[in-house]
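**Student:** Have a look at this one before I ask anything.
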Amino acid sequence: RNKKDFFLLRIQTPQKFNPQSMASPDNRLYSLLEKYKGFIDVTTKIPVRDKESLSLVYSPGVGHACMAIKKDIKEVFELTNKANSLIIITDGSAYPSKTDQQNFHMLPMMEPLAIFYKQVYNIDTYPLVMDISQGESPEEEFETLFNLAPAHAGFELYGYNKDKLKGLL
């Protein structure tokens, strides 16, 4: 596979993160986040209300779609959500955390971006946070991204340090 096989929507590399600019935990947004456990969820396009409808969308019905895609790869855009699916991915290198190398602190920034894409462009967007605590090289991180990317129309690199991206894209 070649990097050029994938659509790169945008690279967003913020200049500086100021933790003091964040709202205090006693505001309405924080209460909503606690109540709903984040900003986003995944719902079905086809109503699944009972055992019969679940068996229709699960298996063996999907076998026909799998065979059609195997026969003609272009069918993936007609029979799946690939054409309307975007990954927002980060390793948090532009927003380093002093206490958590797994970058969980990035999710509250990425989930609203997924909402933005859904509300403004009607694109289903999935935030992914890379765990770089094992010291993976940028090349290894991007290999992971390119391995995930075929199921999606494209991806956005969010919160990456600009220096880390040099020479990779």
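Every chain in the structure tokens takes a letter, A first, then B, and so on in the order presented; its residues are numbered from 1, and the ligands are numbered from 1 following the presented order.
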List every residue of segment 16-111 of chain A that has an atom at most 7 Å from any atom of segment 139-160 of chain A, giving for each one its closest atom pair and the distance in Å to one decimal, counting only C-alpha atoms, sorted by chain and then by ascending residue number, as a Markdown table.
**Tutor:**
```
| residue | atom | partner | partner_atom | distance |
| --- | --- | --- | --- | --- |
| A:Lys82 | CA | A:His152 | CA | 4.7 |
| A:Ala83 | CA | A:Ala153 | CA | 5.1 |
| A:Asn84 | CA | A:Ala153 | CA | 6.5 |
| A:Ser85 | CA | A:His152 | CA | 4.9 |
| A:Leu86 | CA | A:Gly154 | CA | 5.1 |
| A:Ile87 | CA | A:Phe155 | CA | 4.4 |
| A:Ile88 | CA | A:Glu156 | CA | 4.7 |
| A:Ile89 | CA | A:Leu157 | CA | 5.3 |
| A:Thr90 | CA | A:Tyr158 | CA | 5.1 |
| A:Asp91 | CA | A:Tyr160 | CA | 6.3 |
| A:Gly92 | CA | A:Gly159 | CA | 5.4 |
| A:Ser93 | CA | A:Tyr160 | CA | 5.0 |
| A:Ala94 | CA | A:Gly159 | CA | 5.0 |
| A:Tyr95 | CA | A:Gly159 | CA | 6.5 |
```
**Student:** Which segment 29-49 of chain A residues have any atom within 9 Å of an atom of segment 105-129 of chain A, and for each, what is the nearest pair of atoms with distance in Å to one decimal, counting only C-alpha atoms, rows sorted by chain and number, as a tab-separated table?
**Tutor:**
```
residue	atom	partner	partner_atom	distance
A:Gly38	CA	A:Pro108	CA	7.3
A:Phe39	CA	A:Glu111	CA	5.8
A:Ile40	CA	A:Glu111	CA	6.5
```
**Student:** What is the atom CA of Val42 of chain A-atom CA of Tyr30 of chain A distance in Å, reported with one decimal?
**Tutor:** 21.0 Å
**Student:** Among segment 18-160 of chain A, which ones does DSSP assign to helix (DSSP H, G or I) (computed from the backbone)? Answer as a ChimeraX atom specification.
**Tutor:** /A:19-21,28-36,51-57,62-71,73-79,82-84,104-121,138-151
**Student:** Restricting the calculation to only C-alpha atoms, which member of A:Leu33, A:Leu79, A:Met130, A:Ile46 is positioned closest to Gly63 of chain A?
**Tutor:**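 Between A:Leu33, A:Leu79, A:Met130, A:Ile46, the residue approaching Gly63 of chain A most closely is A:Leu79.
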**Student:** Atom CA of Leu56 of chain A and atom CA of Phe77 of chain A, how far apart in Å?
**Tutor:**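 Taking atom CA of Phe77 of chain A as the start and atom CA of Leu56 of chain A as the end point, the length is 20.3 Å.
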